[in-house]
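Next comes input01.pdb, a file with PDB, C-alpha atoms.
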```
MODEL        1
ATOM      1  CA  MET R 237      71.967 149.035  95.988  1.00  0.00           C
ATOM      2  CA  LEU R 238      71.228 146.910  99.010  1.00  0.00           C
ATOM      3  CA  ASP R 239      69.738 143.443  98.608  1.00  0.00           C
ATOM      4  CA  GLN R 240      67.887 143.622 101.910  1.00  0.00           C
ATOM      5  CA  PRO R 241      65.048 145.890 103.006  1.00  0.00           C
ATOM      6  CA  SER R 242      66.011 148.760 105.254  1.00  0.00           C
ATOM      7  CA  ARG R 243      65.678 148.490 109.008  1.00  0.00           C
ATOM      8  CA  ASP R 244      64.164 151.505 110.725  1.00  0.00           C
ATOM      9  CA  ALA R 245      66.257 153.426 113.248  1.00  0.00           C
ATOM     10  CA  ALA R 246      66.291 156.899 114.757  1.00  0.00           C
ATOM     11  CA  VAL R 247      68.893 159.188 116.293  1.00  0.00           C
ATOM     12  CA  LEU R 248      68.649 162.285 118.436  1.00  0.00           C
ATOM     13  CA  VAL R 249      70.355 165.391 117.080  1.00  0.00           C
ATOM     14  CA  GLY R 250      70.507 167.015 120.509  1.00  0.00           C
ATOM     15  CA  LEU R 251      71.147 170.762 120.593  1.00  0.00           C
ATOM     16  CA  VAL R 252      72.411 172.196 123.875  1.00  0.00           C
ATOM     17  CA  SER R 253      72.818 175.893 124.633  1.00  0.00           C
ATOM     18  CA  ARG R 254      75.941 176.468 126.693  1.00  0.00           C
ATOM     19  CA  ALA R 255      77.327 179.773 127.985  1.00  0.00           C
ATOM     20  CA  ASP R 256      79.655 180.181 125.022  1.00  0.00           C
ATOM     21  CA  SER R 257      77.558 178.817 122.128  1.00  0.00           C
ATOM     22  CA  LEU R 258      75.190 176.221 120.742  1.00  0.00           C
ATOM     23  CA  HIS R 259      76.509 172.633 120.912  1.00  0.00           C
ATOM     24  CA  VAL R 260      75.587 169.250 119.398  1.00  0.00           C
ATOM     25  CA  LEU R 261      75.492 166.180 121.661  1.00  0.00           C
ATOM     26  CA  LEU R 262      77.504 163.200 120.368  1.00  0.00           C
ATOM     27  CA  THR R 263      78.743 159.864 121.667  1.00  0.00           C
ATOM     28  CA  GLU R 264      81.745 157.684 121.081  1.00  0.00           C
ATOM     29  CA  ARG R 265      80.598 154.078 120.805  1.00  0.00           C
ATOM     30  CA  ALA R 266      82.164 151.578 123.199  1.00  0.00           C
ATOM     31  CA  ALA R 267      85.269 149.829 121.875  1.00  0.00           C
ATOM     32  CA  HIS R 268      83.932 146.342 122.664  1.00  0.00           C
ATOM     33  CA  LEU R 269      80.805 146.653 120.486  1.00  0.00           C
ATOM     34  CA  PRO R 270      80.680 144.327 117.458  1.00  0.00           C
ATOM     35  CA  ASP R 271      79.287 147.058 115.137  1.00  0.00           C
ATOM     36  CA  HIS R 272      81.078 150.364 114.595  1.00  0.00           C
ATOM     37  CA  PRO R 273      83.258 150.248 117.757  1.00  0.00           C
ATOM     38  CA  GLY R 274      84.787 153.588 118.711  1.00  0.00           C
ATOM     39  CA  GLN R 275      82.889 155.540 116.070  1.00  0.00           C
ATOM     40  CA  VAL R 276      81.236 158.859 116.786  1.00  0.00           C
ATOM     41  CA  SER R 277      77.456 158.789 116.625  1.00  0.00           C
ATOM     42  CA  PHE R 278      74.295 160.427 117.831  1.00  0.00           C
ATOM     43  CA  PRO R 279      72.395 158.679 120.602  1.00  0.00           C
ATOM     44  CA  GLY R 280      69.989 156.352 118.857  1.00  0.00           C
ATOM     45  CA  GLY R 281      69.196 152.917 117.536  1.00  0.00           C
ATOM     46  CA  ARG R 282      66.637 150.592 116.031  1.00  0.00           C
ATOM     47  CA  LEU R 283      62.906 151.006 116.404  1.00  0.00           C
ATOM     48  CA  ARG R 284      61.635 148.139 118.537  1.00  0.00           C
ATOM     49  CA  SER R 285      58.407 147.921 116.540  1.00  0.00           C
ATOM     50  CA  PRO R 286      56.695 149.805 113.698  1.00  0.00           C
ATOM     51  CA  GLU R 287      54.351 151.291 116.291  1.00  0.00           C
ATOM     52  CA  GLU R 288      57.184 152.861 118.294  1.00  0.00           C
ATOM     53  CA  GLY R 289      58.013 155.606 115.801  1.00  0.00           C
ATOM     54  CA  PRO R 290      61.257 157.546 115.394  1.00  0.00           C
ATOM     55  CA  VAL R 291      60.685 160.139 118.151  1.00  0.00           C
ATOM     56  CA  ALA R 292      59.966 157.496 120.777  1.00  0.00           C
ATOM     57  CA  ALA R 293      62.911 155.362 119.624  1.00  0.00           C
ATOM     58  CA  ALA R 294      65.399 158.256 119.604  1.00  0.00           C
ATOM     59  CA  LEU R 295      64.324 159.402 123.066  1.00  0.00           C
ATOM     60  CA  ARG R 296      64.366 155.846 124.459  1.00  0.00           C
ATOM     61  CA  GLU R 297      67.861 155.251 123.112  1.00  0.00           C
ATOM     62  CA  ALA R 298      69.122 158.621 124.404  1.00  0.00           C
ATOM     63  CA  ALA R 299      67.843 157.700 127.872  1.00  0.00           C
ATOM     64  CA  GLU R 300      69.524 154.292 127.706  1.00  0.00           C
ATOM     65  CA  GLU R 301      72.839 155.470 126.242  1.00  0.00           C
ATOM     66  CA  VAL R 302      73.488 158.820 127.935  1.00  0.00           C
ATOM     67  CA  GLY R 303      70.843 159.222 130.663  1.00  0.00           C
ATOM     68  CA  LEU R 304      68.905 161.938 128.807  1.00  0.00           C
ATOM     69  CA  LEU R 305      65.333 161.808 130.078  1.00  0.00           C
ATOM     70  CA  ARG R 306      62.275 162.574 127.936  1.00  0.00           C
ATOM     71  CA  HIS R 307      61.325 165.668 129.916  1.00  0.00           C
ATOM     72  CA  GLN R 308      64.807 167.107 129.243  1.00  0.00           C
ATOM     73  CA  VAL R 309      64.195 167.270 125.471  1.00  0.00           C
ATOM     74  CA  ASP R 310      61.912 169.538 123.477  1.00  0.00           C
ATOM     75  CA  VAL R 311      61.488 167.841 120.094  1.00  0.00           C
ATOM     76  CA  LEU R 312      61.765 170.422 117.306  1.00  0.00           C
ATOM     77  CA  GLY R 313      61.202 168.199 114.291  1.00  0.00           C
ATOM     78  CA  LEU R 314      62.486 165.442 112.044  1.00  0.00           C
ATOM     79  CA  LEU R 315      64.885 165.369 109.128  1.00  0.00           C
ATOM     80  CA  PRO R 316      64.158 162.993 106.231  1.00  0.00           C
ATOM     81  CA  PRO R 317      65.247 159.381 106.795  1.00  0.00           C
ATOM     82  CA  ARG R 318      68.733 158.572 105.538  1.00  0.00           C
ATOM     83  CA  LEU R 319      69.538 155.142 104.121  1.00  0.00           C
ATOM     84  CA  THR R 320      72.922 153.915 105.337  1.00  0.00           C
ATOM     85  CA  GLY R 321      75.275 151.492 103.665  1.00  0.00           C
ATOM     86  CA  THR R 322      74.573 149.021 106.474  1.00  0.00           C
ATOM     87  CA  GLY R 323      70.871 148.824 105.614  1.00  0.00           C
ATOM     88  CA  PHE R 324      69.310 151.204 108.119  1.00  0.00           C
ATOM     89  CA  ALA R 325      66.782 153.917 107.332  1.00  0.00           C
ATOM     90  CA  VAL R 326      67.778 156.402 110.042  1.00  0.00           C
ATOM     91  CA  THR R 327      65.390 159.218 110.942  1.00  0.00           C
ATOM     92  CA  PRO R 328      67.152 162.137 112.668  1.00  0.00           C
ATOM     93  CA  VAL R 329      65.028 163.651 115.460  1.00  0.00           C
ATOM     94  CA  VAL R 330      66.137 167.205 116.257  1.00  0.00           C
ATOM     95  CA  GLY R 331      65.626 168.282 119.844  1.00  0.00           C
ATOM     96  CA  TRP R 332      66.487 171.086 122.225  1.00  0.00           C
ATOM     97  CA  VAL R 333      68.220 169.616 125.305  1.00  0.00           C
ATOM     98  CA  GLU R 334      67.943 171.322 128.702  1.00  0.00           C
ATOM     99  CA  ALA R 335      71.164 173.160 129.507  1.00  0.00           C
ATOM    100  CA  GLU R 336      71.245 171.511 132.944  1.00  0.00           C
ATOM    101  CA  PHE R 337      71.601 168.048 131.378  1.00  0.00           C
ATOM    102  CA  GLN R 338      74.700 166.141 132.486  1.00  0.00           C
ATOM    103  CA  ALA R 339      75.413 162.966 130.552  1.00  0.00           C
ATOM    104  CA  VAL R 340      75.726 159.619 132.295  1.00  0.00           C
ATOM    105  CA  PRO R 341      77.049 157.224 129.638  1.00  0.00           C
ATOM    106  CA  ASP R 342      76.092 153.552 129.754  1.00  0.00           C
ATOM    107  CA  PRO R 343      79.489 151.794 129.474  1.00  0.00           C
ATOM    108  CA  SER R 344      77.906 148.788 127.781  1.00  0.00           C
ATOM    109  CA  GLU R 345      77.157 151.016 124.765  1.00  0.00           C
ATOM    110  CA  VAL R 346      79.040 154.309 125.086  1.00  0.00           C
ATOM    111  CA  GLU R 347      82.711 155.047 125.693  1.00  0.00           C
ATOM    112  CA  SER R 348      82.199 158.776 126.107  1.00  0.00           C
ATOM    113  CA  VAL R 349      79.736 161.618 125.576  1.00  0.00           C
ATOM    114  CA  PHE R 350      80.861 164.980 124.297  1.00  0.00           C
ATOM    115  CA  GLU R 351      79.477 168.201 122.875  1.00  0.00           C
ATOM    116  CA  VAL R 352      80.775 169.979 119.800  1.00  0.00           C
ATOM    117  CA  PRO R 353      80.173 173.698 119.302  1.00  0.00           C
ATOM    118  CA  VAL R 354      78.108 174.256 116.164  1.00  0.00           C
ATOM    119  CA  SER R 355      80.503 177.076 115.248  1.00  0.00           C
ATOM    120  CA  HIS R 356      83.352 174.541 115.187  1.00  0.00           C
ATOM    121  CA  LEU R 357      81.440 172.290 112.790  1.00  0.00           C
ATOM    122  CA  LEU R 358      80.585 175.224 110.518  1.00  0.00           C
ATOM    123  CA  ASP R 359      84.230 176.348 110.364  1.00  0.00           C
ATOM    124  CA  GLY R 360      85.506 175.184 106.989  1.00  0.00           C
ATOM    125  CA  GLY R 361      88.894 174.340 108.468  1.00  0.00           C
ATOM    126  CA  ASN R 362      87.309 171.559 110.528  1.00  0.00           C
ATOM    127  CA  ALA R 363      85.217 170.040 107.738  1.00  0.00           C
ATOM    128  CA  LYS R 364      86.155 168.000 104.679  1.00  0.00           C
ATOM    129  CA  GLN R 365      84.170 166.902 101.677  1.00  0.00           C
ATOM    130  CA  SER R 366      85.107 164.307  99.119  1.00  0.00           C
ATOM    131  CA  ILE R 367      83.376 162.503  96.279  1.00  0.00           C
ATOM    132  CA  ARG R 368      83.073 158.731  96.522  1.00  0.00           C
ATOM    133  CA  GLU R 369      81.548 156.123  94.278  1.00  0.00           C
ATOM    134  CA  ARG R 370      79.611 153.091  95.463  1.00  0.00           C
ATOM    135  CA  PHE R 371      77.336 150.745  93.553  1.00  0.00           C
ATOM    136  CA  GLY R 372      77.776 152.934  90.463  1.00  0.00           C
ATOM    137  CA  SER R 373      76.582 156.124  92.187  1.00  0.00           C
ATOM    138  CA  ARG R 374      78.653 159.141  93.097  1.00  0.00           C
ATOM    139  CA  PHE R 375      78.005 160.964  96.357  1.00  0.00           C
ATOM    140  CA  ILE R 376      79.503 163.548  98.680  1.00  0.00           C
ATOM    141  CA  VAL R 377      81.156 162.266 101.849  1.00  0.00           C
ATOM    142  CA  HIS R 378      81.358 164.664 104.798  1.00  0.00           C
ATOM    143  CA  GLU R 379      83.861 164.501 107.631  1.00  0.00           C
ATOM    144  CA  TYR R 380      84.533 166.715 110.639  1.00  0.00           C
ATOM    145  CA  GLN R 381      87.383 166.763 113.113  1.00  0.00           C
ATOM    146  CA  PHE R 382      86.886 167.798 116.741  1.00  0.00           C
ATOM    147  CA  GLU R 383      89.704 167.343 119.214  1.00  0.00           C
ATOM    148  CA  ARG R 384      90.559 163.622 119.008  1.00  0.00           C
ATOM    149  CA  HIS R 385      87.217 162.718 117.392  1.00  0.00           C
ATOM    150  CA  ARG R 386      86.737 161.961 113.710  1.00  0.00           C
ATOM    151  CA  ILE R 387      83.070 162.471 112.823  1.00  0.00           C
ATOM    152  CA  TRP R 388      82.207 160.719 109.577  1.00  0.00           C
ATOM    153  CA  GLY R 389      79.720 158.392 107.898  1.00  0.00           C
ATOM    154  CA  ALA R 390      76.015 158.776 108.587  1.00  0.00           C
ATOM    155  CA  THR R 391      76.668 161.059 111.574  1.00  0.00           C
ATOM    156  CA  ALA R 392      78.577 163.583 109.449  1.00  0.00           C
ATOM    157  CA  ALA R 393      76.012 163.322 106.644  1.00  0.00           C
ATOM    158  CA  ILE R 394      73.179 164.056 109.088  1.00  0.00           C
ATOM    159  CA  LEU R 395      75.073 167.060 110.472  1.00  0.00           C
ATOM    160  CA  ALA R 396      75.673 168.401 106.959  1.00  0.00           C
ATOM    161  CA  GLU R 397      72.001 167.964 106.069  1.00  0.00           C
ATOM    162  CA  PHE R 398      70.936 169.654 109.303  1.00  0.00           C
ATOM    163  CA  PHE R 399      73.137 172.656 108.491  1.00  0.00           C
ATOM    164  CA  GLU R 400      71.727 172.799 104.951  1.00  0.00           C
ATOM    165  CA  VAL R 401      68.173 172.888 106.361  1.00  0.00           C
ATOM    166  CA  ILE R 402      69.113 175.627 108.835  1.00  0.00           C
ATOM    167  CA  ASN R 403      70.818 177.686 106.125  1.00  0.00           C
ATOM    168  CA  ALA R 404      67.792 177.311 103.817  1.00  0.00           C
ATOM    169  CA  LYS R 405      65.493 178.574 106.600  1.00  0.00           C
ATOM    170  CA  THR R 406      67.642 181.632 107.335  1.00  0.00           C
ATOM    171  CA  ILE R 407      68.054 182.855 103.756  1.00  0.00           C
TER     172      ILE R 407
ENDMDL
END
```
Mind turning this structure into structure tokens?
Amino acid sequence: MLDQPSRDAAVLVGLVSRADSLHVLLTERAAHLPDHPGQVSFPGGRLRSPEEGPVAAALREAAEEVGLLRHQVDVLGLLPPRLTGTGFAVTPVVGWVEAEFQAVPDPSEVESVFEVPVSHLLDGGNAKQSIRERFGSRFIVHEYQFERHRIWGATAAILAEFFEVINAKTI
């Protein structure tokens, strides 16, 4: 596996109810960033200190990246941390975002902000799964396509896990 200890990070899996359906809030990272330029991600980032905690970090980063203020989010819960290939232990924070929220992306970090209907992500025609091998372990890789956006990596894995949790709760 990784030779270095994980670094703690958190992301906000923001759910927004729109007139037509439930949506997930995503960002496209700015093209000039040194790490993961142009990739689709949730608002989020590193914890500034161990005392900060994942909820505070996810909400701080969402405010910085897309202008989502703390009072505009009702935190619903956390998904288990996910270790990424780049050495981060990312804790997804699931939250209900006020429908009135209008994103204001910070151009130093975010190229664009968009919302994907959950129904689109659950449609099998928009999702792919493949098996990959890394460091002698086999694992499932998820990928989604939405308009011009390719959603893959940790973001797609978190979405897939979120849907698994939701499906387990509704059965």
Atom-to-atom span, CA of Arg386 in chain R and CA of Glu264 in chain R, Å: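 According to the coordinates, CA of Arg386 in chain R and CA of Glu264 in chain R are separated by 9.9 Å.
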In Å, how far is it from CA of Ala335 in chain R to CA of Trp388 in chain R?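 Rounded to one decimal, the two atoms are 26.0 Å apart.
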Could you tell me which residues the PyMOL selection byres ((chain R and resi 293-302) around 8) returns for this structure, as a PDB file with C-alpha atoms, keeping the file's coordinate frame?
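Result file out.pdb:
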```pdb
ATOM      1  CA  ALA R 245      66.257 153.426 113.248  1.00  0.00           C
ATOM      2  CA  ALA R 246      66.291 156.899 114.757  1.00  0.00           C
ATOM      3  CA  VAL R 247      68.893 159.188 116.293  1.00  0.00           C
ATOM      4  CA  LEU R 248      68.649 162.285 118.436  1.00  0.00           C
ATOM      5  CA  PRO R 279      72.395 158.679 120.602  1.00  0.00           C
ATOM      6  CA  GLY R 280      69.989 156.352 118.857  1.00  0.00           C
ATOM      7  CA  GLY R 281      69.196 152.917 117.536  1.00  0.00           C
ATOM      8  CA  ARG R 282      66.637 150.592 116.031  1.00  0.00           C
ATOM      9  CA  LEU R 283      62.906 151.006 116.404  1.00  0.00           C
ATOM     10  CA  ARG R 284      61.635 148.139 118.537  1.00  0.00           C
ATOM     11  CA  GLU R 288      57.184 152.861 118.294  1.00  0.00           C
ATOM     12  CA  GLY R 289      58.013 155.606 115.801  1.00  0.00           C
ATOM     13  CA  PRO R 290      61.257 157.546 115.394  1.00  0.00           C
ATOM     14  CA  VAL R 291      60.685 160.139 118.151  1.00  0.00           C
ATOM     15  CA  ALA R 292      59.966 157.496 120.777  1.00  0.00           C
ATOM     16  CA  GLY R 303      70.843 159.222 130.663  1.00  0.00           C
ATOM     17  CA  LEU R 304      68.905 161.938 128.807  1.00  0.00           C
ATOM     18  CA  LEU R 305      65.333 161.808 130.078  1.00  0.00           C
ATOM     19  CA  ARG R 306      62.275 162.574 127.936  1.00  0.00           C
ATOM     20  CA  VAL R 329      65.028 163.651 115.460  1.00  0.00           C
ATOM     21  CA  ALA R 339      75.413 162.966 130.552  1.00  0.00           C
ATOM     22  CA  VAL R 340      75.726 159.619 132.295  1.00  0.00           C
ATOM     23  CA  PRO R 341      77.049 157.224 129.638  1.00  0.00           C
ATOM     24  CA  ASP R 342      76.092 153.552 129.754  1.00  0.00           C
ATOM     25  CA  GLU R 345      77.157 151.016 124.765  1.00  0.00           C
ATOM     26  CA  VAL R 346      79.040 154.309 125.086  1.00  0.00           C
ATOM     27  CA  VAL R 349      79.736 161.618 125.576  1.00  0.00           C
TER      28      VAL R 349
END
```
For each of R:Ser257, R:Thr391, R:Asn403, R:Ser373, take the minimum atom-to-atom distance to Pro328 in chain R, counting all atoms listed in the file, then give the residue where this is smallest. R:Thr391
Ground truth for the PyMOL selection byres ((chain R and resi 358-367) around 6), written as a PyMOL selection string: chain R and resi 355-357+368+375-381
Kindly indicate which residue among R:Arg384, R:Val352, R:Gly321, R:Pro286 lies nearest to Phe371 in chain R, using all atoms listed in the file for the distances. R:Gly321
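For the pair CA of Asp310 in chain R and CA of Val333 in chain R, the separation is 6.6 Å.
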Could you tell me which of R:Arg243, R:Leu269, R:Leu261, R:Gly250 comes closest to Ser285 in chain R if we count all atoms listed in the file?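 Looking at the shortest contact to Ser285 in chain R, the residue is R:Arg243.
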Using only C-alpha atoms, list the residues that have an atom at most 12 Å from (61.2, 169.2, 107.8), coordinates as in the file, as a PyMOL selection string. chain R and resi 312-317+327-330+397-398+400-402+404-405
Which residues match the PyMOL selection byres ((chain R and resi 336) around 10) in the file above, as a ChimeraX atom specification? /R:252-254,308,333-335,337-339
